[in-house]
Structures are given as structure tokens and as C-alpha cells.
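Structure record follows, encoded as C-alpha cells.
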Amino acid sequence: MEKLKRNIVSAWNSDEIREERPTPVDEARWGFVTIEQTLWHAVPEYIRELDEWCQENLQQPLPMDFAPFVFSSWMGGDRDGNPNVTASVTEEVLLLARWMASDLLSHDFEALHMELSMVECSDELREQVGESREPYRALIKPLRDRLFATKDCLEAQLNKQEWQGLEIIQHRAELLEPLKLVHRSLMDCGMAEIANGELLDTIRRINTFGVNLQRLDIRQESSRHADAMAAITMAIGSGDYRQWSEEQKQQFLISELQSARPLIPLKMECSDEVREVLDTFAMLARQSIDALGAYVISMAHVPSDVLAVLLLQKEAGMTELMRVVPLFETLDDLQHAEETLRCLFDVQWYKEHIQGQQEIMIGYSDSAKDGGFLAAAWVQYQAQEALTQLCQAYDVQLTLFHGRGGSTSRGGAPSHEAILSQPPGSVNGRIRITEQGEVIRAKFSPFGVAIRTLQRYVAATLEATLLSQKPPLPEWREMMDELAD
């Protein structure tokens, strides 16, 4: 009670208004805190709970590499209408996320080094560490030291300083494979309690968060890419890309996507806005693809909006391209989403490129502004139905990304009910949902609330996928059309 009283007095006497506007980096750091304080511990705890349920009811454990959640963020990557989010800002956020992951993992490995003092091990592990008296510690200690070195290296990069030291950790496999070896050895030696304790929790954290903490999504408005393409086509003497027909744009983009020669002149003159777009793609090309999520195109209208982003990634030198996600957010764009996607699927190069996986983002706030909450909800529902049927016809697995905000006007709703209210077949084992602003803290803090939120996501996704759902009756559709009008 005394602690609670102190907190109330502290809050009461603190200024409610910030003196300085928070930067995109400040916002990203705030997002990291949610992972550090709750999700880092809640995710393995919930997977343990789910694993126990599976063993009891299905008579088999979850696979060791099972990771039901992928956490992404666009804090520091969302430049749609925000001039403060630049290529350098995004790169700083990516470095900070890696630093935070290294810091959290170094604590985990320090704890494992303290715990794994056992002397008996498998022949497989003995081959790795030699005749060490404490074989598990002999394997863990170099990894822990490399994590410390990774933190130091990233800190030097953030401070624009030179760094020399141990080889740093670059990929999750560098940590996962040794930990799996330790797990096998402990199981073989009759120490299952140790194998399935903190060690397994750490393995599950790495499966979920990797060595990058999260995947950073990039979001940019479609006209900014069109401006960049126009600057390129005028520089090479082909005219203004923005004046071409949609058919001409698609032909040019597909041809260049299949071409081996570079397209962008080395010393191309362009506006600051176009230079920032090109700098962003150049920065992305320097990153590990494991640190990057989706490239979301806001105000996506036509197939060329998607193809242009793929081409700009290729021209920047990205060896692995980010998945490109069109965001259909106005009523008109939602109504034409199926037509746009069908046109893309009919492009042979694109169909081969996506390898049977397509992600589409559904916008809630802009569509509600266009037609009101009810009309928007009905158009969103119909768009998802049409996209689901289209992807089934083309043998493509669809992931629908719901850009929900916190308030009802921006699509906010209880997670479980919202997932179950999606059209039949649209939640096919996977769904992406945004948690924005104050909703992040409300759903992931404190620890018990975070566990409950994860439970709801998994339960609703399983129900929507596995239980049979009946499509709306014709008279219901007629009533919704009348109400939406």
C-alpha cells in the first residue's frame, strides 16, 4: 500500500504534457520496452502452457522449433506522411533492436552458464568441447562472450565508432544449434527436468524473437514510389512514368524485373524526396533479411504500385526481397482489391516470385472515414471474401493483415470476437493484427494480461481455422447492403 501511495503521489505531481515531441527513435524504444518487460517472459511461459495441454490432450509435445507468434513493428519504419522517418532513422532503430536482443540474450546465456554445471554429457557434445570437466559450460561460455561482443559492436556502430573484437552473432542458427545440442545431451543423460527448463525457454525465445528482437515493417505511400520511378525513366530518356497508362507501367516494370542490367544511373539528379526513397532502399539492402518484415504500400490502387516496389528493391541490390504488402484502405480500393490481385497473379513473373504466399493489408480508419463504420465494415468483409476465394482459385496461401486501431472507429474490437467474425476460410491458420498506441500497453502489460492476450490469439485462430463456419445467408447480405447504403 505504501508503494502504491508513492506511485500515486509521483504521478499526481508529474507533468502530463511532454516538453519535447518524441522522435521516431523514442517511439521505437518505447516499443522495445513492451518486449523486454513482458513478452520476453510471457511467450515461453505461454508456449510451455500450450505444450502441456498438447501432451495431455493430444499425447504429443509441440516441436522444439514451434513459434506461434511473429512480432513485427513499424515504429521507426513507417514513413507514410512522416518526414521525420528517414533512412538513417530506420537504420538506427534496426541497430537498437539488435542491441536490445543481444542484451536480453546475454542475460539468458549468463543464467544458463550458471545453471549448466553438470559433468555428464553425450558423445556428440563431447566431440564439440573436448575433455572439459564442465562440458555444458564449455559450450555456453563462448556464445555468451560473443553476445557481449555483439552488444559492444552495435554500440560502436550507433556511436559511429570503429570496433574490433570477437566475431559477433549474426544469425539465430549460431545460437540455436548449440542449444539444441545441449538439449539432446541432457535428455540422453536422463536430465529432462534441466533440458525442459530455462534452456527450452531460451530456445523458444530465439525461435520467436531471433537475434533482431522483431521484424521491422516499412510503410510508404504509393505516389512516392511513382515519383521515384518517374525520376528514373526521365533520367534514362524514356519519358515521365507517371503519365504512362497502367498497361505501359506493368510492361516496363516486368521487363526490368527480368533484366540483369542496372536501371538507375549512378549520378542521377533528383529531388530530395526521391533521393530519400532511393536512400531507404539502399539502406534496406545493407540489412539482414531476418530483421525486415513487410514493405507496406499505403494507398495502393493498381498492380504497378506493387511491381514498382519490387523493382526498386532489386535495383538497390537486395539479394532477398522483402515481401510487398498492398494496403487497401479506401472504400474504392477495397472494392477493387480482388481485381488488382487477380491482375498480379496473371503475371507469370509475379506468381513465381511469391512462391504461393500473399499478404494483403486491410485498412480500417480510412474506409470508415469514407463511408462510416458500418458501411466500411461490410465492404471490408466482402473484400476479404473475394480475396480468399481468389487465392484459393490460384492455389495461393493468403495472410490478411488487419490494420486495426484502438478505437471502434479505427476497427478496434475484442481480439477473440474480431478474429471469429472474419469471413469463412479467411483465417487459414494465420492472421496479422496491429496493436497500436495505448492498446499495446493495455494488451501486453502486466504479465498476466500478456498471457491472456496470447491465449486469445491462439484460441481464436484455431477456432476460425478448424471449426466449420457457415457463410452469411442471402437475406442477411441484402440487409447489410441496405444498412450500408
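Going through the C-alpha cells in order, the chains are called A, B, and so on, while each chain numbers its residues from 1 and the ligands are numbered from 1 in the order shown.
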
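Backbone DSSP over range 88-307 of chain A yields strand (DSSP E) at Arg215, Leu216, Asp217, Ile218, Arg219, Gln220, Glu221, Leu292, Gly293, Ala294, Tyr295, Val296, Ile297 and Ser298 of chain A.
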
Kindly save the residues from that selection, with C-alpha atoms included, as an mmCIF file, in the first residue's frame.
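Saved file out-v2.cif follows:
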```
data_model
loop_
_atom_site.group_PDB
_atom_site.id
_atom_site.type_symbol
_atom_site.label_atom_id
_atom_site.label_comp_id
_atom_site.auth_asym_id
_atom_site.auth_seq_id
_atom_site.Cartn_x
_atom_site.Cartn_y
_atom_site.Cartn_z
ATOM 1 C CA ARG A 215 10.967 -7.647 -37.742
ATOM 2 C CA LEU A 216 10.733 -4.049 -38.856
ATOM 3 C CA ASP A 217 7.991 -3.252 -41.375
ATOM 4 C CA ILE A 218 8.464 -0.350 -43.773
ATOM 5 C CA ARG A 219 5.458 1.693 -44.877
ATOM 6 C CA GLN A 220 5.403 4.310 -47.633
ATOM 7 C CA GLU A 221 2.708 5.921 -49.764
ATOM 8 C CA LEU A 292 12.984 -6.967 -42.063
ATOM 9 C CA GLY A 293 9.271 -7.659 -42.219
ATOM 10 C CA ALA A 294 6.852 -6.420 -44.858
ATOM 11 C CA TYR A 295 7.080 -3.429 -47.161
ATOM 12 C CA VAL A 296 3.574 -1.983 -46.843
ATOM 13 C CA ILE A 297 2.297 0.302 -49.617
ATOM 14 C CA SER A 298 -0.347 2.668 -48.318
#
```

Contacts of Thr86 in chain A within 9 Å, only C-alpha atoms, excl. fewer than 6 positions in-chain, as a PyMOL selection string: chain A and resi 76-77+79+276-277+279-280

Selection near Ser185 in chain A, 12 Å with only C-alpha atoms, sequence-local residues under 5 positions removed, as number ranges by chain: A: 116, 118-128, 135-136, 139, 178-180, 190-192, 194-196

Nearest to Phe209 in chain A by atom-to-atom distance, counting only C-alpha atoms, from A:Ser415, A:Leu176, A:Asn82, A:Gln469: A:Leu176

Atom pair CA of Phe345 in chain A / CA of Gly425 in chain A: separation (Å): 19.5 Å

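Counting only C-alpha atoms and comparing A:Met64, A:Met322, A:Leu154, A:Ala375, the residue that lies closest to His183 in chain A is A:Met64.
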
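Residues lying within 8 Å of range 16-25 of chain A, counting only C-alpha atoms and ignoring same-chain neighbours fewer than 5 positions away, are Met75, Gly76, Asn84, Val85, Val89, Glu92 and Val93 of chain A.
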
With all heavy atoms kept, could you save the residues just selected as a PDB file, in the first residue's frame?
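Written out: again03.pdb:
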```pdb
ATOM      1  N   MET A  75       7.321   1.022 -35.924  1.00  0.00           N
ATOM      2  CA  MET A  75       7.832   2.199 -35.216  1.00  0.00           C
ATOM      3  C   MET A  75       9.288   2.414 -35.651  1.00  0.00           C
ATOM      4  O   MET A  75      10.153   1.589 -35.389  1.00  0.00           O
ATOM      5  CB  MET A  75       7.753   1.994 -33.705  1.00  0.00           C
ATOM      6  CG  MET A  75       6.331   2.024 -33.178  1.00  0.00           C
ATOM      7  SD  MET A  75       6.219   1.893 -31.371  1.00  0.00           S
ATOM      8  CE  MET A  75       6.187   0.124 -31.156  1.00  0.00           C
ATOM      9  N   GLY A  76       9.517   3.500 -36.350  1.00  0.00           N
ATOM     10  CA  GLY A  76      10.823   3.745 -36.942  1.00  0.00           C
ATOM     11  C   GLY A  76      10.901   3.323 -38.403  1.00  0.00           C
ATOM     12  O   GLY A  76      11.897   3.591 -39.080  1.00  0.00           O
ATOM     13  N   ASN A  84       9.932  12.871 -40.630  1.00  0.00           N
ATOM     14  CA  ASN A  84      10.939  12.621 -39.601  1.00  0.00           C
ATOM     15  C   ASN A  84      11.504  11.202 -39.666  1.00  0.00           C
ATOM     16  O   ASN A  84      12.536  10.921 -39.050  1.00  0.00           O
ATOM     17  CB  ASN A  84      10.352  12.857 -38.209  1.00  0.00           C
ATOM     18  CG  ASN A  84       9.934  14.302 -37.998  1.00  0.00           C
ATOM     19  OD1 ASN A  84      10.679  15.217 -38.318  1.00  0.00           O
ATOM     20  ND2 ASN A  84       8.729  14.504 -37.483  1.00  0.00           N
ATOM     21  N   VAL A  85      10.819  10.302 -40.365  1.00  0.00           N
ATOM     22  CA  VAL A  85      11.315   8.926 -40.500  1.00  0.00           C
ATOM     23  C   VAL A  85      12.135   8.850 -41.785  1.00  0.00           C
ATOM     24  O   VAL A  85      11.599   8.776 -42.886  1.00  0.00           O
ATOM     25  CB  VAL A  85      10.160   7.907 -40.525  1.00  0.00           C
ATOM     26  CG1 VAL A  85      10.717   6.491 -40.632  1.00  0.00           C
ATOM     27  CG2 VAL A  85       9.313   8.041 -39.273  1.00  0.00           C
ATOM     28  N   VAL A  89      17.233   7.166 -39.703  1.00  0.00           N
ATOM     29  CA  VAL A  89      16.428   6.858 -38.516  1.00  0.00           C
ATOM     30  C   VAL A  89      16.065   5.377 -38.492  1.00  0.00           C
ATOM     31  O   VAL A  89      16.190   4.694 -37.461  1.00  0.00           O
ATOM     32  CB  VAL A  89      15.151   7.726 -38.480  1.00  0.00           C
ATOM     33  CG1 VAL A  89      14.134   7.173 -37.476  1.00  0.00           C
ATOM     34  CG2 VAL A  89      15.497   9.169 -38.125  1.00  0.00           C
ATOM     35  N   GLU A  92      19.039   3.298 -37.556  1.00  0.00           N
ATOM     36  CA  GLU A  92      19.322   3.388 -36.123  1.00  0.00           C
ATOM     37  C   GLU A  92      18.376   2.494 -35.323  1.00  0.00           C
ATOM     38  O   GLU A  92      18.799   1.815 -34.375  1.00  0.00           O
ATOM     39  CB  GLU A  92      19.194   4.839 -35.652  1.00  0.00           C
ATOM     40  CG  GLU A  92      19.516   5.024 -34.174  1.00  0.00           C
ATOM     41  CD  GLU A  92      19.407   6.466 -33.702  1.00  0.00           C
ATOM     42  OE1 GLU A  92      19.128   7.354 -34.542  1.00  0.00           O
ATOM     43  OE2 GLU A  92      19.600   6.709 -32.498  1.00  0.00           O
ATOM     44  N   VAL A  93      17.105   2.479 -35.694  1.00  0.00           N
ATOM     45  CA  VAL A  93      16.133   1.637 -34.994  1.00  0.00           C
ATOM     46  C   VAL A  93      16.478   0.158 -35.156  1.00  0.00           C
ATOM     47  O   VAL A  93      16.380  -0.633 -34.202  1.00  0.00           O
ATOM     48  CB  VAL A  93      14.707   1.928 -35.501  1.00  0.00           C
ATOM     49  CG1 VAL A  93      13.713   0.884 -34.992  1.00  0.00           C
ATOM     50  CG2 VAL A  93      14.263   3.324 -35.055  1.00  0.00           C
TER      51      VAL A  93
END
```

Cys270 in chain A environment, 12 Å, only C-alpha atoms, sequence neighbours closer than 5 positions dropped, as number ranges by chain: A: 227-235, 264-265, 275-279
